[in-house]
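Trainee: Provided herewith is a single structure, encoded as structure tokens, for subsequent inquiry.
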Amino acid sequence: MTYFRDLWSSRELLLNLTMREITGRYKRTVLGQLWSLLNPLASMLVYTIVFGIIFRSDPGPGDPSGLDVFALWLLCGLLPFQFFQNAVNGGMGAIWANTALVKKVYFPRTNLVLAATFSAAFNWGVEMLILIVAILVAGAFVLPFVPLVLVFMVLFALLATGFGLVLAVVNVYFQDMQHIIGIALRLLMYLSPIVYPLSYVAARSESFGPVFGSVTLLDIYQLNPLERFINVFRQLLYDNRVPDLSDSMACVAWTVAALGVGILVFKKNEKRLAEML
Amino acid sequence: MTEPAVVVDHVSKKFRLFKENNRSLKSVAMRGRSVHEDFWAVRDVSFEVPKGSTFGLIGRNGSGKSTLLKTLAKILYPDRGTISADGKLAAMLEVGSGFHPELSGRENIYLNGSILGMSRKQINARLDEIIDFSEVGEFIDQPVKNYSSGMYVRLGFSIAITVRPDILVVDEVLAVGDSAFQRKSAKKFEELRDGGRTVILVTHSMANIRNMCDHVAWLDRGKLVRVGEAAPISAEYEEFMRSQ
């Protein structure tokens, strides 16, 4: 319990570290904070051209929203994924990047990882806000679902924090980790239904038949925690309906597990970080 | 005897010395575990720091005094024994660590102040005092990357000294700035002591020990040699150093 009390009493530090991440990054650029929006915009353009137009990935219209815009459908999955990528990368490098601080001053180290996730979450929040406006403009009345979107955004951010906490510690011991995770995240993007709809995987899995016992390819594919979250965000934002109970439960379970493991691992190793760096 | 501000109770600190860079995934996977030797930097040290005293840690290079200081500052954790502090403890092991080069001096005061445990309200109340003491003047709204190294450390020192903890842990950062600033800093330390606060410091300067400390602990090869009143022990220590 003292762990959480320490964390709570250092909340101003967390806020300041987060602000440092947010305002420090683009300080010397002309476009400043706009850069954080241009990145997802560029990805959206590339993926829409490659997968929406050239490969003709067709998710079909949103049900019941009736939306049929590939770029919007893509963003409902791409924005959460890119947040996850930024948060995990930032969290993983947080201790390592602040070596000087960790070796010279005492404060709850968790703050460094949290500041990385929070600053990524801040950018993501702005992106999601713009996405919601775009969906409204496109003619889908998404507003009643915004509170639920927020709930799942918080859950998703906690999931990323859990991963970040574990990886931040591992990365101090093995610097190989950041390179492994870099590759893993790139694979994960294509192993999640971001540029293609889940129905494509389901169809393949159907024609392939069970892998062993009654386990299908789809079951294995769905072990990816991001897959569930992306489904939920699509159901809320693109389809405008309450997400499946099984998807929602899986999201909660993954979040609790990742955050629990993250806090345990970090707490156990926190005291040794300064001498391992 | 007054109450102790800090109790160091049978503290030992061990470091693992790794053979070159064998912490990579490859070496661990190949050998199953990494190869290391244990090195005890601090061995079974016990003493009490009286409340309101200025307490010096002295010893040769490699005597373990800096390790012990870092352990007091909660940056390292003892492998054996415990350290308990009565009151709020802040450490000044390096000034200006945690400054963000692109942020202004003023923004860095808030950032650094909160790293050192001050609330926004406390910083607001002491902002003028910090800026005044640091002598950076109108540069306060410039990014700190444009600061001279003197301005950089003076600002760092001013923030740290303004935290006003019950117990202040200091590594040889007294030699910051020019001689005028050093005199000012020394006066600030006197004020702290007169205000009933405890200061624990590591320094190689015998002049600092004589002028500031009333108690010292002398460490050699990680072990405690003597602890107590400053004058007799520092004389004995100087004698010892001359014989080396």
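Chain labels follow the order of the structure tokens: the first chain is A, the next B, and so on; residue numbering restarts at 1 in every chain, and ligands are counted from 1 in their shown order.
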Check every residue of chain A for an atom within 12 Å of chain B, counting only C-alpha atoms, and provide those that qualify as a short mmCIF file (atom, residue, chain, number, x, y, z; two decimals) with N, CA and C atoms, in the first residue's frame.

Mentor:
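Listing of part06.cif after writing:
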```
data_model
loop_
_atom_site.label_atom_id
_atom_site.label_comp_id
_atom_site.auth_asym_id
_atom_site.auth_seq_id
_atom_site.Cartn_x
_atom_site.Cartn_y
_atom_site.Cartn_z
N ASP A 6 3.11 6.41 -2.07
CA ASP A 6 4.27 7.12 -2.62
C ASP A 6 3.94 7.70 -3.99
N LEU A 7 3.27 6.86 -4.77
CA LEU A 7 2.94 7.25 -6.14
C LEU A 7 1.96 8.43 -6.13
N SER A 9 1.53 10.60 -3.74
CA SER A 9 2.12 11.84 -3.21
C SER A 9 3.08 12.46 -4.21
N SER A 10 3.48 11.70 -5.23
CA SER A 10 4.38 12.29 -6.22
C SER A 10 3.63 12.59 -7.51
N ARG A 11 2.32 12.84 -7.42
CA ARG A 11 1.54 13.05 -8.64
C ARG A 11 1.93 14.33 -9.37
N GLU A 12 2.38 15.32 -8.62
CA GLU A 12 2.81 16.56 -9.30
C GLU A 12 4.06 16.31 -10.13
N LEU A 13 4.92 15.45 -9.60
CA LEU A 13 6.12 15.07 -10.34
C LEU A 13 5.71 14.38 -11.63
N LEU A 14 4.74 13.47 -11.53
CA LEU A 14 4.26 12.75 -12.71
C LEU A 14 3.75 13.72 -13.76
N LEU A 15 2.98 14.70 -13.29
CA LEU A 15 2.44 15.70 -14.21
C LEU A 15 3.57 16.47 -14.89
N ASN A 16 4.58 16.87 -14.09
CA ASN A 16 5.69 17.64 -14.66
C ASN A 16 6.52 16.81 -15.63
N LEU A 17 6.74 15.53 -15.29
CA LEU A 17 7.50 14.67 -16.20
C LEU A 17 6.74 14.45 -17.50
N THR A 18 5.41 14.29 -17.37
CA THR A 18 4.59 14.11 -18.57
C THR A 18 4.65 15.36 -19.44
N MET A 19 4.54 16.52 -18.80
CA MET A 19 4.61 17.77 -19.56
C MET A 19 5.96 17.91 -20.25
N ARG A 20 7.02 17.45 -19.54
CA ARG A 20 8.35 17.51 -20.13
C ARG A 20 8.38 16.68 -21.41
N GLU A 21 7.76 15.48 -21.35
CA GLU A 21 7.73 14.62 -22.53
C GLU A 21 6.96 15.28 -23.66
N ILE A 22 5.81 15.87 -23.31
CA ILE A 22 4.93 16.41 -24.35
C ILE A 22 5.52 17.68 -24.96
N THR A 23 5.92 18.63 -24.11
CA THR A 23 6.37 19.91 -24.65
C THR A 23 7.82 19.86 -25.11
N GLY A 24 8.61 18.97 -24.52
CA GLY A 24 10.04 18.94 -24.87
C GLY A 24 10.31 18.37 -26.25
N ARG A 25 9.45 17.44 -26.68
CA ARG A 25 9.76 16.69 -27.89
C ARG A 25 9.81 17.55 -29.15
N TYR A 26 8.84 18.45 -29.30
CA TYR A 26 8.76 19.22 -30.55
C TYR A 26 9.18 20.67 -30.36
N LYS A 27 9.92 20.92 -29.27
CA LYS A 27 10.25 22.28 -28.90
C LYS A 27 10.96 23.05 -30.01
N ARG A 28 11.84 22.40 -30.73
CA ARG A 28 12.65 23.13 -31.70
C ARG A 28 12.11 23.04 -33.12
N THR A 29 10.89 22.54 -33.29
CA THR A 29 10.35 22.40 -34.64
C THR A 29 9.40 23.54 -34.94
N ALA A 97 16.58 5.92 -20.60
CA ALA A 97 16.77 7.28 -21.12
C ALA A 97 17.01 8.28 -19.99
N ASN A 98 16.61 7.94 -18.78
CA ASN A 98 16.76 8.86 -17.66
C ASN A 98 17.81 8.37 -16.66
N THR A 99 18.83 7.69 -17.21
CA THR A 99 19.90 7.13 -16.37
C THR A 99 20.44 8.16 -15.38
N ALA A 100 20.74 9.36 -15.87
CA ALA A 100 21.36 10.39 -15.02
C ALA A 100 20.48 10.67 -13.80
N LEU A 101 19.18 10.73 -14.06
CA LEU A 101 18.23 11.05 -12.99
C LEU A 101 18.14 9.90 -11.98
N VAL A 102 18.01 8.70 -12.51
CA VAL A 102 17.82 7.53 -11.64
C VAL A 102 19.05 7.32 -10.75
N LYS A 103 20.22 7.66 -11.27
CA LYS A 103 21.44 7.43 -10.50
C LYS A 103 21.72 8.54 -9.49
N LYS A 104 20.99 9.65 -9.59
CA LYS A 104 21.33 10.79 -8.75
C LYS A 104 20.23 11.25 -7.79
N VAL A 105 19.00 10.93 -8.09
CA VAL A 105 17.92 11.41 -7.23
C VAL A 105 16.96 10.26 -6.92
N TYR A 106 16.44 10.26 -5.71
CA TYR A 106 15.41 9.29 -5.38
C TYR A 106 14.02 9.87 -5.65
N PHE A 107 13.20 9.11 -6.30
CA PHE A 107 11.76 9.40 -6.43
C PHE A 107 11.16 8.09 -6.93
N PRO A 108 9.86 7.88 -6.81
CA PRO A 108 9.29 6.62 -7.28
C PRO A 108 9.54 6.45 -8.78
N ARG A 109 10.29 5.44 -9.14
CA ARG A 109 10.71 5.24 -10.54
C ARG A 109 9.54 4.98 -11.48
N ASN A 111 7.09 6.60 -11.92
CA ASN A 111 6.70 7.85 -12.56
C ASN A 111 7.29 8.02 -13.95
N LEU A 112 8.52 7.54 -14.14
CA LEU A 112 9.16 7.70 -15.45
C LEU A 112 8.40 6.91 -16.52
N VAL A 170 13.23 -5.05 -17.90
CA VAL A 170 13.98 -6.00 -18.71
C VAL A 170 15.02 -5.26 -19.56
N ASN A 171 14.64 -4.10 -20.07
CA ASN A 171 15.54 -3.35 -20.94
C ASN A 171 16.78 -2.84 -20.21
N VAL A 172 16.68 -2.65 -18.90
CA VAL A 172 17.85 -2.22 -18.14
C VAL A 172 18.86 -3.37 -18.06
N TYR A 173 18.36 -4.60 -17.94
CA TYR A 173 19.24 -5.76 -17.85
C TYR A 173 19.73 -6.19 -19.23
N PHE A 174 18.85 -6.20 -20.20
CA PHE A 174 19.22 -6.61 -21.57
C PHE A 174 18.83 -5.53 -22.56
N GLN A 175 19.82 -4.84 -23.08
CA GLN A 175 19.47 -3.80 -24.06
C GLN A 175 19.00 -4.38 -25.39
N ASP A 176 19.18 -5.70 -25.54
CA ASP A 176 18.68 -6.35 -26.76
C ASP A 176 17.17 -6.20 -26.86
N MET A 177 16.55 -6.02 -25.70
CA MET A 177 15.10 -6.06 -25.64
C MET A 177 14.45 -5.03 -26.55
N GLN A 178 15.00 -3.79 -26.56
CA GLN A 178 14.33 -2.75 -27.35
C GLN A 178 14.32 -3.11 -28.84
N HIS A 179 15.36 -3.84 -29.28
CA HIS A 179 15.39 -4.21 -30.70
C HIS A 179 14.41 -5.35 -30.97
N ILE A 180 14.34 -6.28 -30.02
CA ILE A 180 13.38 -7.39 -30.16
C ILE A 180 11.96 -6.84 -30.21
N ASN A 269 11.98 -5.04 -8.77
CA ASN A 269 13.29 -4.67 -9.32
C ASN A 269 13.65 -3.21 -9.17
N GLU A 270 12.67 -2.40 -8.76
CA GLU A 270 12.85 -0.96 -8.72
C GLU A 270 14.10 -0.55 -7.95
N LYS A 271 14.36 -1.22 -6.82
CA LYS A 271 15.46 -0.81 -5.95
C LYS A 271 16.82 -1.08 -6.57
N ARG A 272 16.90 -1.98 -7.48
CA ARG A 272 18.20 -2.34 -8.06
C ARG A 272 18.50 -1.58 -9.35
N LEU A 273 17.51 -0.80 -9.83
CA LEU A 273 17.69 -0.17 -11.14
C LEU A 273 18.93 0.72 -11.18
N ALA A 274 19.16 1.52 -10.12
CA ALA A 274 20.25 2.50 -10.14
C ALA A 274 21.60 1.82 -10.31
N GLU A 275 21.79 0.65 -9.69
CA GLU A 275 23.11 0.03 -9.81
C GLU A 275 23.25 -0.81 -11.07
N MET A 276 22.14 -1.18 -11.69
CA MET A 276 22.23 -1.96 -12.93
C MET A 276 22.47 -1.07 -14.14
N LEU A 277 22.15 0.21 -14.02
CA LEU A 277 22.28 1.09 -15.18
C LEU A 277 23.75 1.37 -15.50
#
```

Trainee: Quick check for you: according to DSSP on this backbone, which residues of segment 64-198 of chain B are classed as strand (DSSP E)? Reply as a PyMOL selection string.

Mentor: chain B and resi 80-85+89-92+167-170+198

Trainee: Smallest atom-to-atom distance to Trp124 of chain A: which of A:Phe145, A:Phe81, A:Trp96, A:Phe163, using only C-alpha atoms?

Mentor: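 Smallest distance to Trp124 of chain A is found for A:Phe81.
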
Trainee: Quick one: everything within 12 Å of Ala207 of chain B, counting only C-alpha atoms, minus sequence neighbours fewer than 3 positions away in the same chain. Send it as a short mmCIF file (atom, residue, chain, number, x, y, z; two decimals) with C-alpha atoms, in the first residue's frame.

Mentor:
```cif
data_model
loop_
_atom_site.label_atom_id
_atom_site.label_comp_id
_atom_site.auth_asym_id
_atom_site.auth_seq_id
_atom_site.Cartn_x
_atom_site.Cartn_y
_atom_site.Cartn_z
CA GLY B 56 30.83 14.48 7.49
CA LEU B 174 29.90 22.64 -2.47
CA ALA B 186 28.47 27.97 2.69
CA THR B 203 33.88 15.93 0.93
CA HIS B 204 37.59 15.58 0.32
CA ARG B 210 36.90 21.69 9.87
CA ASN B 211 34.66 24.65 9.07
CA MET B 212 31.33 22.91 8.80
CA CYS B 213 31.19 19.52 10.46
CA ALA B 230 34.81 16.07 14.32
CA ALA B 231 37.97 17.65 15.72
CA SER B 234 39.72 14.55 11.53
CA ALA B 235 43.11 15.24 13.17
CA GLU B 238 44.93 13.72 8.58
#
```
